[in-house]
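**Q** If it helps, the file is called entry.cif and holds mmCIF, C-alpha atoms:
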data_model
#
loop_
_atom_site.label_atom_id
_atom_site.label_comp_id
_atom_site.auth_asym_id
_atom_site.auth_seq_id
_atom_site.Cartn_x
_atom_site.Cartn_y
_atom_site.Cartn_z
CA MET A 25 7.70 -32.55 4.06
CA GLU A 26 4.19 -31.22 3.55
CA ASN A 27 2.79 -28.88 0.94
CA LEU A 28 1.95 -25.36 2.04
CA ILE A 29 -1.41 -24.14 0.78
CA VAL A 30 -3.25 -20.95 1.66
CA GLU A 31 -6.54 -20.15 -0.01
CA GLY A 32 -6.51 -16.50 -0.91
CA SER A 33 -9.26 -14.14 0.13
CA HIS A 34 -10.32 -10.62 -0.73
CA GLY A 35 -12.03 -9.11 2.28
CA VAL A 36 -11.07 -6.30 4.61
CA TYR A 37 -7.52 -7.48 3.94
CA PHE A 38 -6.22 -9.27 0.83
CA VAL A 39 -4.69 -12.68 1.49
CA PRO A 40 -2.68 -14.05 -1.44
CA TYR A 41 -3.09 -17.58 -2.77
CA VAL A 42 -0.15 -19.77 -1.78
CA ASN A 43 0.67 -23.23 -3.14
CA PHE A 44 4.15 -24.55 -2.28
CA ASN A 45 4.57 -28.14 -3.48
CA ALA A 46 7.11 -30.19 -1.56
CA GLU A 47 7.08 -33.03 -4.13
CA THR A 48 7.79 -30.98 -7.24
CA GLY A 49 9.47 -27.89 -5.74
CA GLU A 50 6.99 -25.76 -7.67
CA CYS A 51 5.78 -22.79 -5.63
CA GLU A 52 3.08 -20.30 -6.53
CA LEU A 53 2.20 -16.97 -4.94
CA ALA A 54 -0.76 -15.25 -6.60
CA GLY A 55 -3.47 -12.64 -6.20
CA GLU A 56 -3.19 -9.61 -3.94
CA SER A 57 -1.17 -9.11 -0.78
CA TYR A 58 -2.30 -6.60 1.83
CA LEU A 59 -2.40 -8.12 5.28
CA GLU A 60 -3.23 -7.23 8.84
CA ASP A 61 0.10 -8.61 10.02
CA THR A 62 2.40 -9.05 7.05
CA VAL A 63 5.31 -10.63 8.90
CA LEU A 64 3.04 -13.13 10.66
CA PHE A 65 1.68 -14.22 7.26
CA TYR A 66 5.00 -14.48 5.44
CA ASN A 67 7.05 -16.14 8.22
CA PRO A 68 5.59 -19.64 7.57
CA LEU A 69 6.34 -19.22 3.85
CA LEU A 70 9.96 -18.35 4.62
CA GLU A 71 10.18 -21.25 7.10
CA TRP A 72 8.80 -23.66 4.49
CA LEU A 73 11.36 -22.50 1.93
CA ASP A 74 14.16 -22.67 4.47
CA ASN A 75 13.15 -26.26 5.29
CA TYR A 76 12.89 -27.23 1.64
CA ILE A 77 16.26 -25.69 0.87
CA ASN A 78 18.04 -27.28 3.81
CA LYS A 79 16.36 -30.69 3.82
CA LYS A 80 15.40 -31.49 0.24
CA ARG A 81 17.94 -29.38 -1.59
CA GLU A 82 16.12 -29.98 -4.88
CA ALA A 83 15.20 -27.57 -7.68
CA ILE A 84 12.73 -24.77 -6.95
CA LYS A 85 10.48 -23.20 -9.53
CA PHE A 86 8.96 -20.08 -7.98
CA ASN A 87 5.99 -18.58 -9.83
CA ILE A 88 4.75 -15.14 -8.81
CA LYS A 89 1.37 -13.98 -10.12
CA LEU A 90 0.68 -11.10 -7.78
CA THR A 91 -1.41 -8.28 -9.19
CA TYR A 92 -1.07 -6.08 -6.11
CA PHE A 93 1.08 -5.94 -2.98
CA ASN A 94 1.59 -3.12 -0.50
CA THR A 95 5.04 -1.93 0.54
CA SER A 96 4.91 -3.97 3.71
CA SER A 97 4.41 -7.14 1.62
CA SER A 98 7.12 -6.00 -0.79
CA ARG A 99 9.71 -6.31 1.97
CA CYS A 100 8.66 -9.91 2.70
CA LEU A 101 8.87 -10.71 -1.02
CA LEU A 102 12.42 -9.39 -0.92
CA ASP A 103 13.17 -11.80 1.95
CA ILE A 104 11.84 -14.70 -0.14
CA LEU A 105 13.86 -13.73 -3.22
CA ASN A 106 17.01 -13.23 -1.13
CA MET A 107 16.56 -16.71 0.29
CA LEU A 108 16.22 -18.14 -3.22
CA LYS A 109 19.33 -16.23 -4.33
CA ASP A 110 21.34 -17.63 -1.40
CA PHE A 111 20.22 -21.14 -2.37
CA GLU A 112 21.28 -20.53 -5.95
CA ASP A 113 24.66 -19.21 -4.80
CA GLU A 114 25.15 -22.45 -2.86
CA GLY A 115 24.55 -24.46 -6.02
CA GLY A 116 20.75 -24.87 -5.83
CA GLU A 117 18.68 -24.87 -9.00
CA VAL A 118 16.31 -21.90 -8.92
CA ALA A 119 13.93 -20.51 -11.54
CA VAL A 120 11.78 -17.47 -10.77
CA ASN A 121 8.91 -16.70 -13.14
CA TRP A 122 7.00 -13.47 -12.61
CA TYR A 123 3.70 -13.24 -14.48
CA TYR A 124 2.55 -9.67 -14.91
CA ASP A 125 0.07 -7.52 -16.79
CA GLU A 126 1.92 -5.96 -19.71
CA GLU A 127 0.11 -2.67 -19.23
CA ASP A 128 1.21 -2.42 -15.61
CA ILE A 129 4.40 -0.35 -15.98
CA ASP A 130 4.73 0.15 -12.22
CA MET A 131 4.82 -3.63 -11.73
CA GLN A 132 7.53 -4.04 -14.40
CA GLU A 133 9.67 -1.48 -12.57
CA GLU A 134 9.03 -3.25 -9.32
CA ILE A 135 10.25 -6.57 -10.76
CA GLU A 136 13.35 -4.88 -12.23
CA ASP A 137 14.08 -3.41 -8.80
CA TYR A 138 13.94 -6.89 -7.29
CA GLU A 139 16.39 -8.16 -9.90
CA ILE A 140 18.81 -5.31 -9.17
CA ASP A 141 18.35 -5.73 -5.44
CA THR A 142 18.85 -9.50 -5.24
CA GLY A 143 21.02 -10.25 -8.26
CA LEU A 144 18.58 -13.03 -9.05
CA HIS A 145 17.48 -13.54 -12.63
CA ILE A 146 13.69 -13.17 -12.91
CA ASN A 147 11.85 -14.36 -16.01
CA LEU A 148 9.28 -11.72 -16.87
CA ILE A 149 6.25 -13.38 -18.38
CA PRO A 150 3.63 -11.03 -19.84
CA SER A 151 0.17 -12.34 -19.14
CA THR A 152 -3.12 -10.91 -20.26
CA ASP A 153 -5.28 -13.17 -18.15
CA LEU A 154 -3.94 -13.20 -14.65
CA VAL A 155 -6.45 -15.44 -12.94
CA LYS A 156 -8.20 -14.09 -9.93
CA HIS A 157 -7.17 -16.48 -7.19
CA GLN A 158 -9.07 -14.93 -4.36
CA GLU A 159 -12.64 -15.41 -3.32
CA ASP A 160 -14.56 -12.26 -2.45
CA ASP A 161 -15.16 -12.44 1.23
CA ASP A 162 -17.90 -10.04 2.22
CA ASP A 163 -18.40 -11.46 5.68
CA GLU A 164 -14.99 -10.70 7.01
CA MET B 26 -35.44 32.59 9.39
CA GLU B 27 -32.66 35.12 9.72
CA ALA B 28 -29.06 34.00 9.63
CA ASN B 29 -28.29 35.01 13.18
CA ASN B 30 -31.34 33.11 14.38
CA LEU B 31 -30.04 30.04 12.62
CA GLU B 32 -26.70 30.51 14.24
CA LYS B 33 -28.34 30.90 17.62
CA LYS B 34 -30.36 27.76 17.04
CA ALA B 35 -27.23 25.81 16.13
CA GLN B 36 -25.56 27.00 19.32
CA ASP B 37 -28.63 26.18 21.41
CA THR B 38 -28.89 22.60 20.26
CA ASN B 39 -25.16 22.03 20.04
CA LYS B 40 -25.72 20.78 16.53
CA PHE B 41 -22.99 20.27 13.99
CA ASP B 42 -23.42 22.63 11.04
CA LEU B 43 -23.69 20.07 8.27
CA PHE B 44 -24.59 22.67 5.64
CA LYS B 45 -21.39 24.57 6.32
CA TYR B 46 -19.46 21.29 6.07
CA HIS B 47 -21.25 20.27 2.88
CA SER B 48 -20.62 23.66 1.30
CA LEU B 49 -16.86 23.25 1.75
CA PHE B 50 -16.79 20.76 -1.09
CA ASN B 51 -16.96 21.80 -4.71
CA GLN B 52 -18.15 19.57 -7.49
CA ASN B 53 -14.64 18.18 -8.11
CA VAL B 54 -14.69 16.33 -4.82
CA GLN B 55 -15.72 12.71 -5.28
CA ILE B 56 -15.12 11.39 -1.80
CA SER B 57 -14.43 12.99 1.54
CA TYR B 58 -14.01 11.27 4.83
CA LYS B 59 -12.99 12.30 8.30
CA GLY B 60 -12.72 9.78 11.07
CA PRO B 61 -10.86 6.72 12.29
CA PHE B 62 -8.76 4.95 9.65
CA ASP B 63 -9.65 1.48 10.81
CA SER B 64 -9.52 -1.56 8.56
CA LYS B 65 -13.26 -1.76 7.86
CA VAL B 66 -13.55 1.88 6.81
CA LEU B 67 -10.45 1.50 4.65
CA SER B 68 -11.99 -1.58 3.06
CA VAL B 69 -15.12 0.34 2.03
CA LEU B 70 -13.16 3.29 0.69
CA GLY B 71 -10.69 0.98 -1.06
CA THR B 72 -13.49 -0.94 -2.75
CA TYR B 73 -15.05 2.31 -3.93
CA ILE B 74 -11.73 3.41 -5.38
CA GLN B 75 -11.13 0.06 -7.09
CA PHE B 76 -14.55 -0.21 -8.66
CA THR B 77 -15.95 3.27 -9.08
CA ILE B 78 -12.89 5.15 -10.23
CA GLY B 79 -12.37 1.88 -12.12
CA LYS B 80 -13.83 3.58 -15.20
CA ASN B 81 -10.17 4.49 -15.59
CA PRO B 82 -8.35 1.26 -14.59
CA LYS B 83 -4.83 2.69 -14.77
CA ALA B 84 -5.60 5.69 -12.54
CA SER B 85 -7.77 3.54 -10.30
CA LYS B 86 -4.95 1.10 -9.61
CA LYS B 87 -2.52 3.93 -8.89
CA ILE B 88 -4.95 5.71 -6.57
CA PHE B 89 -5.64 2.45 -4.75
CA ASN B 90 -1.90 1.84 -4.22
CA ILE B 91 -1.42 5.39 -2.94
CA PHE B 92 -4.53 5.15 -0.79
CA ILE B 93 -3.31 2.01 1.02
CA GLU B 94 0.10 3.48 1.85
CA LEU B 95 -1.16 6.88 3.03
CA ALA B 96 -4.12 5.41 4.90
CA GLN B 97 -1.87 2.97 6.74
CA ASN B 98 0.39 5.84 7.74
CA ILE B 99 -2.60 7.59 9.29
CA ALA B 100 -3.89 4.41 10.95
CA HIS B 101 -0.49 3.78 12.54
CA TYR B 102 0.99 7.20 13.10
CA SER B 103 -1.73 9.85 13.47
CA ALA B 104 -1.28 11.60 16.82
CA GLU B 105 -5.08 11.72 17.10
CA LYS B 106 -6.98 8.61 18.17
CA ASN B 107 -10.75 8.36 18.04
CA LEU B 108 -12.99 8.52 21.09
CA PHE B 109 -14.77 5.22 20.54
CA GLY B 110 -11.93 3.18 21.91
CA VAL B 111 -10.46 2.02 18.62
CA GLU B 112 -6.70 2.36 18.57
CA GLU B 113 -6.47 3.42 14.94
CA GLY B 114 -5.51 6.96 14.07
CA VAL B 115 -7.93 9.65 12.95
CA GLY B 116 -7.46 11.58 9.74
CA SER B 117 -9.10 13.11 6.69
CA LEU B 118 -9.20 12.05 3.08
CA VAL B 119 -10.41 13.75 -0.08
CA ILE B 120 -10.40 12.50 -3.66
CA ALA B 121 -11.09 15.16 -6.28
CA GLU B 122 -11.35 14.75 -10.03
CA TYR B 123 -10.13 17.31 -12.56
CA PRO B 124 -10.09 17.16 -16.37
CA GLU B 125 -6.47 15.94 -16.56
CA HIS B 126 -5.87 14.31 -13.20
CA TYR B 127 -7.12 13.07 -9.86
CA ALA B 128 -5.95 14.75 -6.67
CA PHE B 129 -5.72 12.47 -3.68
CA SER B 130 -5.26 14.19 -0.30
CA THR B 131 -4.92 12.91 3.23
CA GLY B 132 -4.29 14.81 6.43
CA ASN B 133 -3.76 14.07 10.07
CA ILE B 134 -2.48 15.56 13.28
CA VAL B 135 1.19 15.03 14.02
CA LYS B 136 3.41 15.97 16.94
CA ASN B 137 5.47 19.08 16.22
CA GLU B 138 8.66 17.19 17.05
CA ASP B 139 7.95 14.78 14.15
CA VAL B 140 7.22 17.48 11.56
CA ILE B 141 10.80 18.29 10.52
CA VAL B 142 11.62 14.63 9.82
CA ILE B 143 8.57 14.25 7.56
CA ILE B 144 9.25 17.51 5.69
CA GLU B 145 12.91 16.58 5.16
CA LYS B 146 11.96 13.15 3.88
CA ILE B 147 9.45 14.58 1.41
CA GLU B 148 11.85 17.30 0.24
CA LEU B 149 14.44 14.60 -0.41
CA ILE B 150 11.90 12.50 -2.33
CA ASN B 151 10.87 15.49 -4.45
CA SER B 152 14.50 16.34 -5.25
CA LEU B 153 15.23 12.92 -6.79
CA ASP B 154 14.57 11.86 -10.35
CA ARG B 155 12.83 8.55 -10.99
CA GLU B 156 15.98 6.40 -11.16
CA GLN B 157 17.39 7.98 -8.00
CA LEU B 158 14.05 7.46 -6.28
CA ARG B 159 14.03 3.78 -7.21
CA GLU B 160 17.53 3.42 -5.82
CA TYR B 161 16.53 5.23 -2.61
CA LYS B 162 13.62 2.81 -2.28
CA ARG B 163 15.88 -0.22 -2.71
CA VAL B 164 18.29 1.07 -0.05
CA GLN B 165 15.47 1.84 2.41
CA ARG B 166 13.80 -1.51 1.79
CA ASN B 167 16.99 -3.27 2.84
CA LEU B 168 17.11 -1.51 6.20
CA PRO B 169 15.72 -3.32 9.28
CA GLN B 170 11.95 -3.05 9.48
CA ARG B 171 10.15 -0.81 11.91
CA GLU B 172 7.73 -2.52 14.27
CA LYS B 173 4.47 -1.49 12.62
CA GLY B 174 6.27 -0.23 9.61
CA ASN B 175 5.57 -0.08 5.96
CA ALA B 176 9.20 -0.98 5.27
CA ASN B 177 10.06 2.76 5.47
CA ILE B 178 9.17 3.05 1.83
CA GLY B 179 5.48 4.00 1.85
CA LEU B 180 6.04 7.64 0.87
CA ILE B 181 8.72 6.73 -1.68
CA GLN B 182 6.32 4.26 -3.27
CA VAL B 183 3.57 6.91 -3.28
CA ALA B 184 5.89 9.28 -5.18
CA LEU B 185 6.86 6.54 -7.66
CA THR B 186 3.25 5.51 -8.23
CA SER B 187 2.05 9.09 -8.63
CA ALA B 188 4.99 10.09 -10.88
CA ASN B 189 4.39 13.65 -9.67
CA PRO B 190 5.96 15.68 -6.83
CA LEU B 191 4.39 15.27 -3.40
CA ASP B 192 2.64 18.44 -2.27
CA ILE B 193 2.61 18.96 1.49
CA GLU B 194 1.20 21.61 3.76
CA VAL B 195 1.82 21.81 7.49
CA THR B 196 -0.37 23.99 9.71
CA LEU B 197 0.72 24.71 13.26
CA ILE B 198 -2.12 24.03 15.71
CA ASP B 199 -0.47 24.77 19.05
CA ASP B 200 2.85 24.23 20.82
CA LYS B 201 2.40 20.45 20.68
CA TYR B 202 0.63 19.58 17.46
CA SER B 203 0.40 20.44 13.76
CA PHE B 204 -1.86 19.33 10.95
CA PHE B 205 -0.03 17.57 8.15
CA ALA B 206 -1.66 17.40 4.71
CA ILE B 207 -0.30 15.67 1.64
CA THR B 208 -1.74 15.89 -1.88
CA VAL B 209 -0.76 13.48 -4.59
CA LYS B 210 -1.63 13.91 -8.27
CA VAL B 211 -2.46 10.99 -10.49
CA ASP B 212 -2.60 11.79 -14.20
CA LYS B 213 -5.50 10.41 -16.17
#
Do you think you could lay out the structure here as structure tokens?
**A**
Amino acid sequence: MENLIVEGSHGVYFVPYVNFNAETGECELAGESYLEDTVLFYNPLLEWLDNYINKKREAIKFNIKLTYFNTSSSRCLLDILNMLKDFEDEGGEVAVNWYYDEEDIDMQEEIEDYEIDTGLHINLIPSTDLVKHQEDDDDE
Amino acid sequence: MEANNLEKKAQDTNKFDLFKYHSLFNQNVQISYKGPFDSKVLSVLGTYIQFTIGKNPKASKKIFNIFIELAQNIAHYSAEKNLFGVEEGVGSLVIAEYPEHYAFSTGNIVKNEDVIVIIEKIELINSLDREQLREYKRVQRNLPQREKGNANIGLIQVALTSANPLDIEVTLIDDKYSFFAITVKVDK
């Protein structure tokens, strides 16, 4: 099974940075998410996770370091978290770490809403230096 | 030149009265835009909001979040399309700054048959307290997605981000269309 890597970009749309590691089961989603076709972008991520869960069945550590996502992206994030929750319910080992800016109250609420919605435990990790993972892309 | 001569001249040359347009805006208005809400225009406006209103990072982030949701609504759902062949909807946007808050307004033409649904949705949003609104958002987010949709939760998210009631004004244009304007306050 191959790793899934997407270099993020910040142009007309904001493409998040994706690094799903098939060897270690460590997955990272970072930056900003505002896409021309949200479902088209997130489907391969969901497919990768589905594959990993059904074929490898090993532990997943899912790290989210998003500083912005629109509501359309928020629905796809819910799909990802629901998939992780289902895996956990079937006996899979799942850890979700959500790095967020402590001053961003709206983001804290958002994460709480995901916890309530999915029943998944999310580790909230305050972070003062959320790295910018996206290259500015003026040409787009 | 006398005023009526000016008026005559404007009529003669079919010129747009830019002075009249310019005079509509008081000094509180930071940005105004009327035209197609296509991705490139949104990108320029979004960048301005992120970096220029960025003197106040908290408000800037909130206004940017609100901007994206309302602008996408116009791009997808405005009943008015521009004449240059782009499919995106046409609308208006104004950002004004006041001592205590920013006022972010967008407006676009909607079909009369769609007006009641929008008004009812906004009245419901305004009637809920924050916890109820969050629950409403969670329920709506779990419903099947609309084709071009924003997960049905764009306006709910706007209300949560703003933390103020949504102020709407609907003006009947004719038997088919109305103008729908929404103003959202963001405290400084």
**Q** Here is a test: counting all atoms listed in the file, which residue of A:Ile146, A:Leu59, A:Ala46, A:Ile129 is nearest to A:Asn94?
**A**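 Among A:Ile146, A:Leu59, A:Ala46, A:Ile129, it is A:Leu59 that comes nearest to A:Asn94.
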**Q** Using all atoms listed in the file, find the residues of chain A whose closest atom to chain B is at most 6 Å away, then write them as a VMD selection string.
**A** chain A and resid 36 95 to 96
**Q** In the coordinates of the file, take the point (7.3, -25.6, 4.8) and a cut-off of 8 Å; then, counting all atoms listed in the file, name each qualifying protein, DNA or RNA residue as a compact mmCIF listing (two decimals) with C-alpha atoms, in the frame of the given file.
**A**
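Contents of point03.txt, as written:
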# COMPACT_ATOMS: atom_id res chain seq x y z
CA MET A 25 7.70 -32.55 4.06
CA GLU A 26 4.19 -31.22 3.55
CA ASN A 27 2.79 -28.88 0.94
CA LEU A 28 1.95 -25.36 2.04
CA PHE A 44 4.15 -24.55 -2.28
CA ALA A 46 7.11 -30.19 -1.56
CA PRO A 68 5.59 -19.64 7.57
CA LEU A 69 6.34 -19.22 3.85
CA LEU A 70 9.96 -18.35 4.62
CA GLU A 71 10.18 -21.25 7.10
CA TRP A 72 8.80 -23.66 4.49
CA LEU A 73 11.36 -22.50 1.93
CA ASP A 74 14.16 -22.67 4.47
CA ASN A 75 13.15 -26.26 5.29
CA TYR A 76 12.89 -27.23 1.64
**Q** I'd like to know which of A:Met131, A:Ile140, A:Leu53, A:Ala83 is closest to A:Ile104, using all atoms listed in the file.
**A**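 Among the listed residues, A:Leu53 lies closest to A:Ile104.
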**Q** Can you work out which one of B:Ile141, B:Ile150, B:Ile193, B:Ile74 has the shortest atom-to-atom distance to B:Tyr127, counting only C-alpha atoms?
**A**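 The shortest atom-to-atom distance to B:Tyr127 comes from B:Ile74.
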**Q** What does the distance between atom CA of B:Leu153 and atom CA of A:Leu101 come to in Å, to one decimal place?
**A**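 Value for the atom CA of B:Leu153-atom CA of A:Leu101 distance: 25.1 Å.
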**Q** Could you spell out the hits of the PyMOL selection byres ((chain B and resi 103-106) around 7) on the shown file, as a VMD selection string?
**A** chain B and resid 99 to 102 107 to 108 112 to 115 133 to 136
